[in-house]
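Participant: My file is my_file_37.txt. It has compact mmCIF, C-alpha atoms:
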# COMPACT_ATOMS: atom_id res chain seq x y z
CA VAL A 11 -21.01 20.78 -34.60
CA ASP A 12 -21.69 17.84 -32.32
CA LYS A 13 -19.37 18.16 -29.36
CA GLN A 14 -19.86 20.60 -26.52
CA ILE A 15 -17.99 23.84 -27.09
CA SER A 16 -17.17 25.95 -24.06
CA PRO A 17 -19.16 29.16 -23.59
CA ALA A 18 -15.88 31.12 -23.38
CA VAL A 19 -14.90 29.98 -26.88
CA ILE A 20 -18.36 30.89 -28.19
CA ARG A 21 -18.09 34.32 -26.58
CA ARG A 22 -14.87 34.96 -28.52
CA MET A 23 -16.24 34.05 -31.95
CA PRO A 24 -18.00 37.38 -32.63
CA ARG A 25 -14.67 39.11 -32.04
CA TYR A 26 -12.98 36.88 -34.62
CA TYR A 27 -15.79 37.67 -37.02
CA ARG A 28 -15.36 41.39 -36.41
CA TYR A 29 -11.62 41.28 -37.12
CA LEU A 30 -12.06 39.14 -40.20
CA THR A 31 -14.68 41.58 -41.51
CA GLU A 32 -12.15 44.39 -41.07
CA LEU A 33 -9.50 42.39 -42.90
CA LEU A 34 -11.90 41.79 -45.77
CA GLU A 35 -12.71 45.49 -45.91
CA GLU A 36 -8.97 46.17 -46.16
CA GLY A 37 -8.72 43.69 -49.02
CA THR A 38 -6.60 41.17 -47.11
CA GLU A 39 -6.99 37.72 -48.68
CA ARG A 40 -4.95 35.64 -46.31
CA ILE A 41 -3.36 36.06 -42.92
CA SER A 42 -0.92 34.04 -40.83
CA SER A 43 -1.97 32.99 -37.37
CA GLY A 44 0.95 35.10 -36.08
CA GLU A 45 -0.35 38.26 -37.76
CA LEU A 46 -3.94 37.60 -36.69
CA SER A 47 -2.61 37.06 -33.18
CA ARG A 48 -0.82 40.43 -33.19
CA ARG A 49 -3.92 42.25 -34.39
CA MET A 50 -6.29 40.57 -31.97
CA LYS A 51 -3.85 40.58 -29.06
CA VAL A 52 -4.41 36.92 -28.26
CA THR A 53 -1.80 34.21 -28.65
CA ALA A 54 -1.53 32.30 -31.92
CA SER A 55 -2.04 29.06 -30.01
CA GLN A 56 -5.27 30.40 -28.50
CA ILE A 57 -6.51 31.21 -32.00
CA ARG A 58 -5.62 27.74 -33.26
CA GLN A 59 -7.26 26.09 -30.25
CA ASP A 60 -10.43 28.18 -30.59
CA LEU A 61 -10.83 27.53 -34.30
CA ASN A 62 -10.01 23.82 -33.99
CA ASN A 63 -13.27 23.45 -32.10
CA PHE A 64 -15.07 23.97 -35.38
CA GLY A 65 -12.89 22.19 -37.88
CA GLU A 66 -9.67 22.63 -39.85
CA PHE A 67 -9.30 26.20 -41.02
CA GLY A 68 -5.62 27.06 -41.34
CA GLN A 69 -3.07 25.55 -43.68
CA GLN A 70 0.55 25.02 -42.69
CA GLY A 71 2.69 27.66 -44.40
CA TYR A 72 -0.31 29.46 -45.86
CA GLY A 73 -2.22 30.73 -42.85
CA TYR A 74 -5.91 31.47 -43.02
CA ASN A 75 -7.99 32.30 -46.05
CA VAL A 76 -9.78 35.38 -44.71
CA GLN A 77 -12.95 35.12 -46.79
CA TYR A 78 -13.37 31.41 -46.07
CA LEU A 79 -12.75 31.77 -42.34
CA HIS A 80 -15.06 34.81 -42.20
CA ASP A 81 -17.87 32.92 -43.93
CA GLU A 82 -17.43 29.78 -41.86
CA ILE A 83 -17.50 31.69 -38.58
CA GLY A 84 -20.57 33.50 -39.92
CA LYS A 85 -22.23 30.11 -40.38
CA ILE A 86 -21.19 28.96 -36.91
CA LEU A 87 -22.73 32.14 -35.49
CA GLY A 88 -25.83 31.66 -37.60
CA ILE A 89 -25.61 35.12 -39.13
CA ASP A 90 -25.77 33.72 -42.64
CA HIS A 91 -29.54 33.78 -42.38
CA THR A 92 -31.91 36.54 -41.29
CA HIS A 93 -33.68 36.91 -37.96
CA ASN A 94 -36.58 39.34 -37.74
CA MET A 95 -36.33 41.50 -34.63
CA ILE A 96 -38.81 43.75 -32.90
CA ILE A 97 -37.76 46.38 -30.39
CA ILE A 98 -40.01 46.92 -27.39
CA GLY A 99 -39.36 50.33 -25.90
CA SER A 100 -38.81 53.15 -28.39
CA GLY A 101 -36.90 55.54 -26.19
CA HIS A 102 -33.36 56.60 -26.99
CA LEU A 103 -31.89 53.12 -26.55
CA GLY A 104 -34.55 51.41 -28.66
CA GLN A 105 -34.12 53.98 -31.39
CA ALA A 106 -30.34 53.69 -31.18
CA LEU A 107 -30.70 49.95 -31.89
CA ALA A 108 -33.12 50.61 -34.76
CA ASN A 109 -30.55 52.90 -36.35
CA TYR A 110 -27.58 50.51 -36.20
CA SER A 111 -26.89 49.57 -39.80
CA ASN A 112 -24.45 46.92 -38.58
CA PHE A 113 -27.16 44.68 -37.19
CA LYS A 114 -28.59 44.08 -40.64
CA LYS A 115 -25.15 42.96 -41.79
CA ARG A 116 -25.21 40.51 -38.89
CA GLY A 117 -28.49 39.00 -40.07
CA PHE A 118 -30.83 40.94 -37.79
CA GLU A 119 -33.59 42.91 -39.47
CA VAL A 120 -35.57 45.28 -37.31
CA VAL A 121 -39.16 44.90 -38.51
CA ALA A 122 -40.98 47.06 -35.95
CA LEU A 123 -40.59 49.12 -32.80
CA PHE A 124 -43.20 49.29 -30.07
CA ASP A 125 -43.99 51.75 -27.32
CA VAL A 126 -46.83 52.88 -25.08
CA ASP A 127 -46.30 56.61 -25.72
CA PRO A 128 -49.05 57.83 -28.11
CA ALA A 129 -46.77 60.68 -29.20
CA LEU A 130 -44.58 58.12 -30.98
CA LYS A 131 -47.44 56.36 -32.80
CA GLY A 132 -46.76 56.00 -36.53
CA LYS A 133 -43.36 57.71 -36.36
CA LYS A 134 -40.36 56.03 -37.87
CA SER A 135 -36.91 55.34 -36.52
CA GLY A 136 -34.15 53.98 -38.71
CA GLY A 137 -36.81 53.67 -41.40
CA VAL A 138 -38.91 51.37 -39.23
CA GLU A 139 -42.37 52.20 -37.91
CA ILE A 140 -43.12 52.65 -34.23
CA HIS A 141 -46.30 50.81 -33.24
CA MET A 142 -48.35 50.96 -30.08
CA MET A 143 -48.07 48.03 -27.67
CA GLU A 144 -51.72 47.09 -28.20
CA GLU A 145 -50.85 46.31 -31.83
CA LEU A 146 -48.19 43.78 -30.82
CA ASP A 147 -50.34 40.62 -30.87
CA GLU A 148 -51.77 41.45 -34.28
CA PHE A 149 -48.32 42.29 -35.66
CA VAL A 150 -46.78 39.02 -34.54
CA LYS A 151 -49.67 37.10 -36.12
CA SER A 152 -48.93 38.57 -39.55
CA THR A 153 -45.13 38.86 -39.46
CA PRO A 154 -42.65 36.22 -38.32
CA VAL A 155 -40.65 37.57 -35.35
CA HIS A 156 -37.61 35.68 -34.11
CA VAL A 157 -36.18 38.07 -31.54
CA ALA A 158 -37.57 40.73 -29.22
CA ALA A 159 -35.16 43.37 -27.94
CA LEU A 160 -36.33 44.74 -24.60
CA THR A 161 -35.26 48.34 -24.20
CA LEU A 162 -37.73 49.48 -21.62
CA PRO A 163 -37.43 50.23 -17.91
CA LYS A 164 -36.92 47.36 -15.48
CA ALA A 165 -40.43 47.88 -14.04
CA TYR A 166 -42.00 46.90 -17.38
CA ALA A 167 -39.39 44.50 -18.74
CA ARG A 168 -40.59 41.35 -17.04
CA GLU A 169 -44.19 41.84 -18.17
CA ALA A 170 -42.98 42.52 -21.71
CA ALA A 171 -40.83 39.38 -21.64
CA GLU A 172 -43.76 37.27 -20.51
CA HIS A 173 -45.91 38.84 -23.21
CA VAL A 174 -43.54 38.10 -26.11
CA ILE A 175 -42.90 34.57 -24.83
CA ALA A 176 -46.66 33.97 -24.72
CA LEU A 177 -46.76 35.11 -28.35
CA GLY A 178 -44.26 32.38 -29.23
CA ILE A 179 -41.11 34.49 -29.58
CA LYS A 180 -38.20 32.30 -28.50
CA ALA A 181 -35.33 34.76 -28.17
CA ILE A 182 -34.89 37.91 -26.10
CA TRP A 183 -32.17 40.53 -26.29
CA ASN A 184 -32.52 42.10 -22.89
CA PHE A 185 -31.23 45.54 -21.85
CA ALA A 186 -33.14 45.76 -18.56
CA HIS A 187 -31.82 44.95 -15.11
CA MET A 188 -33.98 41.95 -14.87
CA GLU A 189 -33.29 38.33 -14.15
CA MET A 190 -36.10 35.93 -14.72
CA ASP A 191 -36.80 32.23 -14.94
CA LEU A 192 -37.48 31.47 -18.56
CA PRO A 193 -39.02 28.43 -20.23
CA GLU A 194 -36.38 25.92 -21.41
CA ASP A 195 -36.91 26.75 -25.06
CA VAL A 196 -36.44 30.50 -24.70
CA THR A 197 -33.02 32.05 -25.24
CA ILE A 198 -31.95 35.25 -23.54
CA GLU A 199 -28.90 37.41 -24.07
CA SER A 200 -28.54 40.34 -21.72
CA VAL A 201 -26.55 43.53 -22.08
CA HIS A 202 -25.90 45.07 -18.69
CA LEU A 203 -24.50 48.52 -19.40
CA SER A 204 -24.01 49.37 -15.77
CA ASP A 205 -21.98 46.17 -15.24
CA SER A 206 -19.67 47.44 -17.96
CA LEU A 207 -19.49 50.83 -16.30
CA MET A 208 -18.70 49.24 -12.93
CA HIS A 209 -15.96 47.23 -14.57
CA LEU A 210 -14.52 50.45 -15.96
CA SER A 211 -14.74 51.93 -12.48
CA TYR A 212 -12.76 48.98 -11.13
CA LEU A 213 -10.07 49.40 -13.79
CA ILE A 214 -9.74 53.12 -13.01
CA THR A 215 -9.67 52.53 -9.27
CA ASP A 216 -7.17 49.69 -9.60
CA LYS A 217 -4.82 51.94 -11.57
CA GLU A 218 -5.13 54.66 -8.95
CA ARG A 219 -4.31 52.15 -6.21
CA GLN A 220 -1.19 51.02 -8.06
CA SER A 221 0.13 54.52 -8.79
CA VAL B 2 -5.84 44.41 -2.54
CA ASP B 3 -2.28 43.43 -3.30
CA LYS B 4 -2.38 40.11 -5.08
CA GLN B 5 -3.34 39.67 -8.73
CA ILE B 6 -7.02 38.89 -9.13
CA SER B 7 -8.12 37.16 -12.32
CA PRO B 8 -10.02 39.24 -14.86
CA ALA B 9 -12.84 36.68 -14.83
CA VAL B 10 -13.41 37.24 -11.11
CA ILE B 11 -13.38 41.01 -11.62
CA ARG B 12 -15.91 40.67 -14.44
CA ARG B 13 -18.28 38.88 -12.06
CA MET B 14 -18.15 41.50 -9.29
CA PRO B 15 -20.63 43.95 -10.88
CA ARG B 16 -23.12 41.12 -11.05
CA TYR B 17 -22.70 40.44 -7.31
CA TYR B 18 -23.17 44.13 -6.67
CA ARG B 19 -26.36 44.14 -8.74
CA TYR B 20 -27.85 41.22 -6.85
CA LEU B 21 -26.88 42.63 -3.49
CA THR B 22 -28.48 45.96 -4.42
CA GLU B 23 -31.69 44.08 -5.22
CA LEU B 24 -31.55 42.25 -1.90
CA LEU B 25 -31.12 45.56 -0.08
CA GLU B 26 -34.09 47.02 -1.95
CA GLU B 27 -36.13 44.01 -0.80
CA GLY B 28 -35.03 44.67 2.79
CA THR B 29 -32.99 41.48 3.12
CA GLU B 30 -30.39 41.90 5.86
CA ARG B 31 -28.52 38.65 5.55
CA ILE B 32 -28.32 35.78 3.14
CA SER B 33 -26.76 32.33 3.18
CA SER B 34 -24.29 31.44 0.46
CA GLY B 35 -26.74 28.70 -0.58
CA GLU B 36 -29.58 31.18 -1.10
CA LEU B 37 -27.33 33.69 -2.88
CA SER B 38 -26.16 30.81 -5.06
CA ARG B 39 -29.74 29.88 -6.01
CA ARG B 40 -30.60 33.46 -6.92
CA MET B 41 -27.46 34.08 -8.95
CA LYS B 42 -27.36 30.62 -10.50
CA VAL B 43 -23.73 30.07 -9.65
CA THR B 44 -22.45 27.48 -7.18
CA ALA B 45 -22.00 28.41 -3.53
CA SER B 46 -18.36 27.38 -3.78
CA GLN B 47 -17.83 29.72 -6.72
CA ILE B 48 -19.27 32.57 -4.65
CA ARG B 49 -17.01 31.72 -1.70
CA GLN B 50 -13.96 31.47 -3.96
CA ASP B 51 -14.74 34.75 -5.72
CA LEU B 52 -15.29 36.69 -2.53
CA ASN B 53 -12.27 35.15 -0.77
CA ASN B 54 -10.11 37.04 -3.25
CA PHE B 55 -11.02 40.21 -1.43
CA GLY B 56 -11.12 39.15 2.19
CA GLU B 57 -13.34 37.36 4.67
CA PHE B 58 -16.98 38.22 4.11
CA GLY B 59 -19.16 35.35 5.24
CA GLN B 60 -19.59 33.93 8.71
CA GLN B 61 -20.12 30.25 9.38
CA GLY B 62 -23.77 29.66 10.26
CA TYR B 63 -24.72 33.28 9.60
CA GLY B 64 -24.10 33.77 5.92
CA TYR B 65 -23.43 37.18 4.46
CA ASN B 66 -24.41 40.54 5.86
CA VAL B 67 -25.98 42.05 2.74
CA GLN B 68 -25.29 45.71 3.50
CA TYR B 69 -21.68 45.06 4.47
CA LEU B 70 -20.96 42.85 1.46
CA HIS B 71 -22.72 45.36 -0.85
CA ASP B 72 -20.64 48.24 0.49
CA GLU B 73 -17.37 46.33 0.41
CA ILE B 74 -17.89 45.23 -3.19
CA GLY B 75 -18.80 48.83 -3.97
CA LYS B 76 -15.40 49.86 -2.58
CA ILE B 77 -13.61 47.16 -4.56
CA LEU B 78 -15.32 48.41 -7.71
CA GLY B 79 -14.49 51.99 -6.80
CA ILE B 80 -18.08 53.14 -7.10
CA ASP B 81 -17.99 54.64 -3.62
CA HIS B 82 -16.56 57.81 -5.13
CA THR B 83 -17.72 59.87 -8.09
CA HIS B 84 -16.28 59.94 -11.61
CA ASN B 85 -17.26 62.79 -13.89
CA MET B 86 -18.16 61.53 -17.35
CA ILE B 87 -18.63 63.29 -20.66
CA ILE B 88 -20.45 61.71 -23.59
CA ILE B 89 -19.08 62.35 -27.05
CA GLY B 90 -21.76 61.74 -29.63
CA SER B 91 -25.26 62.94 -28.72
CA GLY B 92 -27.28 60.69 -30.99
CA HIS B 93 -29.77 58.20 -29.60
CA LEU B 94 -27.14 56.09 -27.87
CA GLY B 95 -25.39 59.07 -26.25
CA GLN B 96 -28.71 60.43 -25.06
CA ALA B 97 -29.75 56.99 -23.81
CA LEU B 98 -26.63 56.95 -21.61
CA ALA B 99 -27.29 60.50 -20.41
CA ASN B 100 -30.74 59.42 -19.29
CA TYR B 101 -29.71 56.33 -17.29
CA SER B 102 -30.34 57.24 -13.68
CA ASN B 103 -28.54 54.07 -12.62
CA PHE B 104 -25.14 55.36 -13.65
CA LYS B 105 -25.27 58.09 -11.03
CA LYS B 106 -25.94 55.45 -8.39
CA ARG B 107 -22.81 53.69 -9.66
CA GLY B 108 -20.71 56.81 -9.09
CA PHE B 109 -20.75 58.14 -12.65
CA GLU B 110 -22.02 61.67 -13.11
CA VAL B 111 -22.64 62.82 -16.67
CA VAL B 112 -21.39 66.43 -16.72
CA ALA B 113 -21.73 67.19 -20.44
CA LEU B 114 -22.61 65.79 -23.84
CA PHE B 115 -20.86 66.81 -27.04
CA ASP B 116 -21.77 66.67 -30.70
CA VAL B 117 -20.95 68.30 -34.02
CA ASP B 118 -24.59 68.83 -35.05
CA PRO B 119 -25.45 72.55 -34.59
CA ALA B 120 -29.14 71.60 -34.26
CA LEU B 121 -28.31 70.07 -30.86
CA LYS B 122 -26.36 73.05 -29.51
CA GLY B 123 -27.57 74.13 -26.08
CA LYS B 124 -30.23 71.42 -25.86
CA LYS B 125 -30.38 69.21 -22.82
CA SER B 126 -30.59 65.46 -22.44
CA GLY B 127 -31.16 63.84 -19.07
CA GLY B 128 -30.84 67.33 -17.62
CA VAL B 129 -27.33 67.72 -19.05
CA GLU B 130 -26.35 70.28 -21.68
CA ILE B 131 -25.21 69.29 -25.17
CA HIS B 132 -22.11 71.24 -26.20
CA MET B 133 -20.43 71.59 -29.55
CA MET B 134 -17.18 69.68 -30.07
CA GLU B 135 -15.22 72.91 -30.44
CA GLU B 136 -16.08 73.70 -26.82
CA LEU B 137 -14.51 70.47 -25.57
CA ASP B 138 -11.02 71.77 -24.78
CA GLU B 139 -12.38 74.75 -22.88
CA PHE B 140 -14.82 72.54 -20.96
CA VAL B 141 -12.16 70.09 -19.84
CA LYS B 142 -9.99 72.99 -18.64
CA SER B 143 -12.68 74.19 -16.27
CA THR B 144 -14.30 70.92 -15.18
CA PRO B 145 -12.54 67.74 -14.05
CA VAL B 146 -13.42 64.90 -16.42
CA HIS B 147 -12.47 61.33 -15.53
CA VAL B 148 -14.21 59.33 -18.24
CA ALA B 149 -15.21 59.95 -21.85
CA ALA B 150 -17.95 57.76 -23.30
CA LEU B 151 -17.58 57.48 -27.08
CA THR B 152 -20.97 57.03 -28.71
CA LEU B 153 -20.16 58.19 -32.19
CA PRO B 154 -19.66 56.34 -35.47
CA LYS B 155 -16.53 54.25 -35.95
CA ALA B 156 -15.22 56.71 -38.56
CA TYR B 157 -14.93 59.44 -35.90
CA ALA B 158 -14.27 57.37 -32.80
CA ARG B 159 -10.51 57.04 -33.13
CA GLU B 160 -10.01 60.77 -33.65
CA ALA B 161 -12.25 61.49 -30.66
CA ALA B 162 -10.29 59.02 -28.54
CA GLU B 163 -7.00 60.66 -29.46
CA HIS B 164 -8.51 64.04 -28.72
CA VAL B 165 -9.70 63.19 -25.21
CA ILE B 166 -6.44 61.40 -24.40
CA ALA B 167 -4.50 64.51 -25.49
CA LEU B 168 -6.69 66.48 -23.07
CA GLY B 169 -5.53 64.22 -20.25
CA ILE B 170 -8.63 62.04 -19.87
CA LYS B 171 -7.44 58.61 -18.75
CA ALA B 172 -10.51 56.43 -19.18
CA ILE B 173 -12.69 55.66 -22.19
CA TRP B 174 -16.02 53.89 -22.34
CA ASN B 175 -16.11 52.89 -25.96
CA PHE B 176 -19.20 51.93 -27.97
CA ALA B 177 -17.58 52.11 -31.40
CA HIS B 178 -16.19 49.22 -33.42
CA MET B 179 -12.71 50.44 -32.95
CA GLU B 180 -9.58 48.83 -31.66
CA MET B 181 -6.68 51.08 -31.00
CA ASP B 182 -3.30 51.11 -29.34
CA LEU B 183 -3.61 53.22 -26.26
CA PRO B 184 -0.99 54.77 -24.01
CA GLU B 185 -0.18 52.57 -21.00
CA ASP B 186 -1.91 54.88 -18.56
CA VAL B 187 -5.23 54.99 -20.43
CA THR B 188 -8.00 52.56 -19.54
CA ILE B 189 -10.59 51.44 -22.06
CA GLU B 190 -13.76 49.44 -21.59
CA SER B 191 -15.64 48.58 -24.76
CA VAL B 192 -19.26 47.61 -25.28
CA HIS B 193 -19.69 45.78 -28.56
CA LEU B 194 -23.44 45.52 -29.08
CA SER B 195 -23.11 43.58 -32.30
CA ASP B 196 -20.92 40.98 -30.56
CA SER B 197 -23.76 40.48 -28.12
CA LEU B 198 -26.22 40.17 -31.00
CA MET B 199 -23.98 37.64 -32.77
CA HIS B 200 -23.80 35.65 -29.54
CA LEU B 201 -27.59 35.64 -29.42
CA SER B 202 -27.60 34.50 -33.03
CA TYR B 203 -25.32 31.61 -32.09
CA LEU B 204 -27.57 30.59 -29.19
CA ILE B 205 -30.66 30.63 -31.43
CA THR B 206 -28.89 28.71 -34.21
CA ASP B 207 -27.46 26.19 -31.78
CA LYS B 208 -30.95 25.49 -30.40
CA GLU B 209 -32.30 25.04 -33.91
CA ARG B 210 -29.50 22.58 -34.71
CA GLN B 211 -30.29 20.56 -31.61
CA SER B 212 -34.02 20.37 -32.18
Using structure tokens, write down the structure that the file contains.
Facilitator:
Amino acid sequence: VDKQISPAVIRRMPRYYRYLTELLEEGTERISSGELSRRMKVTASQIRQDLNNFGEFGQQGYGYNVQYLHDEIGKILGIDHTHNMIIIGSGHLGQALANYSNFKKRGFEVVALFDVDPALKGKKSGGVEIHMMEELDEFVKSTPVHVAALTLPKAYAREAAEHVIALGIKAIWNFAHMEMDLPEDVTIESVHLSDSLMHLSYLITDKERQS
Amino acid sequence: VDKQISPAVIRRMPRYYRYLTELLEEGTERISSGELSRRMKVTASQIRQDLNNFGEFGQQGYGYNVQYLHDEIGKILGIDHTHNMIIIGSGHLGQALANYSNFKKRGFEVVALFDVDPALKGKKSGGVEIHMMEELDEFVKSTPVHVAALTLPKAYAREAAEHVIALGIKAIWNFAHMEMDLPEDVTIESVHLSDSLMHLSYLITDKERQS
């Protein structure tokens, strides 16, 4: 993929992947762009435009081969190979992430959790051991870590981010309300749950205003 | 607000609110659009365009009054009044949500959690009681509930959604991998964590391809 693809298109690809995975689970081998459009509630032309960014996927009169399209989008998303992930913050959210079996299917393998609470030391969550923060440096030396999920309070998130970056980890999945200037070569993806909740609040309020 | 505002603009408003809340916490009383632009890493003209959808906020040569803009965006988002929320699914994710103090500041009050696991019956999470699912109907009769957060596995999420809709709850905050046809008057906001993780995977992979 050489040309610049718009961030909005990229943002939609996981949703395509999710639908195609469902189709595979249902045993669907091929699907017309019209049918995919009805399921995903986007126009068929939007689907064609989005996918054309990455090559020729559909065939006139045949539609899409579900397995092929699924696998190709998987490659585009890079989930055809495995990223080792550590989770820093082993509270409810951190443990929720450790227990998501879906992440492994998406190429993310949780290799360790970390926390500062001695009560959690040596316990397991989702089959993965909880380590103390002072073991982090040693752990990263012996095990390749590609991603650090930050599921700790805002007050500690920045320090944790700086720590993992100093250890050479280049990707952060951030759940804290924190914005920070990162080195060029570090990637961050943030999940802001309260933004989502505020958006829901807007939708509710907007409906009330209209009724 | 009478005219149609684009969903993309609406999606950005929580982020404005978040930044303005930070500015207030720092004691900043006013801010120029240039300075707000630098902090938020969006152009000053984008900020002006976004805010113009909702009225006149800035003043030439003065900038924005932080408290006023914060409060007005709060009204737009509808977080100036309280929504009662129940959480269905009291695993790690449900309990993580129950423990977020930020949600209360955003006008969402968790009034109960629900689960089917008898081991959780009567326990509390984030100060809120965990009820059994069979108590749901009775609970909703006696307590106004505006939002149901669904933090249970996909296999049960659809049934739970239908259940809360039948009880008259009009808004769903959905964490399951579920797409469903909803009645016109029901609002849904979904958080797809694995979409976010796949997006991170893309960003990592794209960087690797470029280097």
Participant: Residues of chain A within 7 Å of chain B: nearest atom pair and distance (Å, one decimal) for each, counting all atoms listed in the file, sorted by chain and number, as CSV?
Facilitator:
residue,atom,partner,partner_atom,distance
A:Arg21,CA,B:His200,CA,6.6
A:Pro24,CA,B:Asp196,CA,5.1
A:Arg25,CA,B:Asp196,CA,6.7
A:Ile86,CA,B:Tyr203,CA,6.9
A:Leu87,CA,B:Tyr203,CA,4.3
A:Gly88,CA,B:Thr206,CA,5.4
A:Ile89,CA,B:Ser202,CA,6.4
A:His102,CA,B:His93,CA,4.7
A:Leu103,CA,B:Ala97,CA,5.2
A:Gln105,CA,B:His93,CA,6.3
A:Ala106,CA,B:His93,CA,4.8
A:Phe113,CA,B:Ser195,CA,6.4
A:Arg116,CA,B:Met199,CA,6.9
A:Thr197,CA,B:Ile205,CA,6.8
A:Glu199,CA,B:Leu201,CA,5.8
A:Ser204,CA,B:Phe104,CA,6.5
A:Asp205,CA,B:Pro15,CA,5.1
A:Met208,CA,B:Pro15,CA,6.0
A:His209,CA,B:Arg12,CA,6.6
A:Leu210,CA,B:Glu190,CA,5.8
A:Ser211,CA,B:Gly79,CA,5.7
A:Tyr212,CA,B:Leu78,CA,4.3
A:Leu213,CA,B:Thr188,CA,6.9
A:Ile214,CA,B:Thr188,CA,6.8
A:Thr215,CA,B:Gly79,CA,5.4
Participant: Given all atoms listed in the file as the basis, pick out the residue of A:Gln69, A:Arg168, A:Gly99, A:Leu61 nearest to A:Met142.
Facilitator: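 Among A:Gln69, A:Arg168, A:Gly99, A:Leu61, it is A:Gly99 that comes nearest to A:Met142.
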Participant: Just want the 9 Å neighbourhood of stretch 165-170 of chain B, counted on only C-alpha atoms, with same-chain residues fewer than 2 positions away dropped. Output as a list of chain:residue names.
Facilitator: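 Near neighbours after the sequence-gap exclusion: B:Leu137, B:Asp138, B:Val141, B:Lys142, B:Val146, B:His147, B:Val148, B:Ala149, B:Glu160, B:Ala161, B:Ala162, B:Glu163, B:Ala172, B:Ile173, B:Leu183, B:Pro184, B:Val187.
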Participant: Kindly save the residues from that selection, with C-alpha atoms included, as a PDB file, keeping the file's coordinate frame.
Facilitator:
ATOM      1  CA  LEU B 137     -14.510  70.470 -25.570  1.00  0.00           C
ATOM      2  CA  ASP B 138     -11.020  71.770 -24.780  1.00  0.00           C
ATOM      3  CA  VAL B 141     -12.160  70.090 -19.840  1.00  0.00           C
ATOM      4  CA  LYS B 142      -9.990  72.990 -18.640  1.00  0.00           C
ATOM      5  CA  VAL B 146     -13.420  64.900 -16.420  1.00  0.00           C
ATOM      6  CA  HIS B 147     -12.470  61.330 -15.530  1.00  0.00           C
ATOM      7  CA  VAL B 148     -14.210  59.330 -18.240  1.00  0.00           C
ATOM      8  CA  ALA B 149     -15.210  59.950 -21.850  1.00  0.00           C
ATOM      9  CA  GLU B 160     -10.010  60.770 -33.650  1.00  0.00           C
ATOM     10  CA  ALA B 161     -12.250  61.490 -30.660  1.00  0.00           C
ATOM     11  CA  ALA B 162     -10.290  59.020 -28.540  1.00  0.00           C
ATOM     12  CA  GLU B 163      -7.000  60.660 -29.460  1.00  0.00           C
ATOM     13  CA  ALA B 172     -10.510  56.430 -19.180  1.00  0.00           C
ATOM     14  CA  ILE B 173     -12.690  55.660 -22.190  1.00  0.00           C
ATOM     15  CA  LEU B 183      -3.610  53.220 -26.260  1.00  0.00           C
ATOM     16  CA  PRO B 184      -0.990  54.770 -24.010  1.00  0.00           C
ATOM     17  CA  VAL B 187      -5.230  54.990 -20.430  1.00  0.00           C
TER      18      VAL B 187
END
Participant: What is the atom CA of B:Ala156-atom CA of A:Ile96 distance in Å, reported with one decimal?
Facilitator: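 So the answer is 27.5 Å.
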Participant: Just give me the gap between atom CA of A:Phe185 and atom CA of B:Ser102 in Å, one decimal is fine.
Facilitator: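 Rounded to one decimal, the two atoms are 14.3 Å apart.
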Participant: Calculate how many Å separate atom CA of B:Leu25 from atom CA of B:Asp72, rounding to one decimal.
Facilitator: 10.8 Å
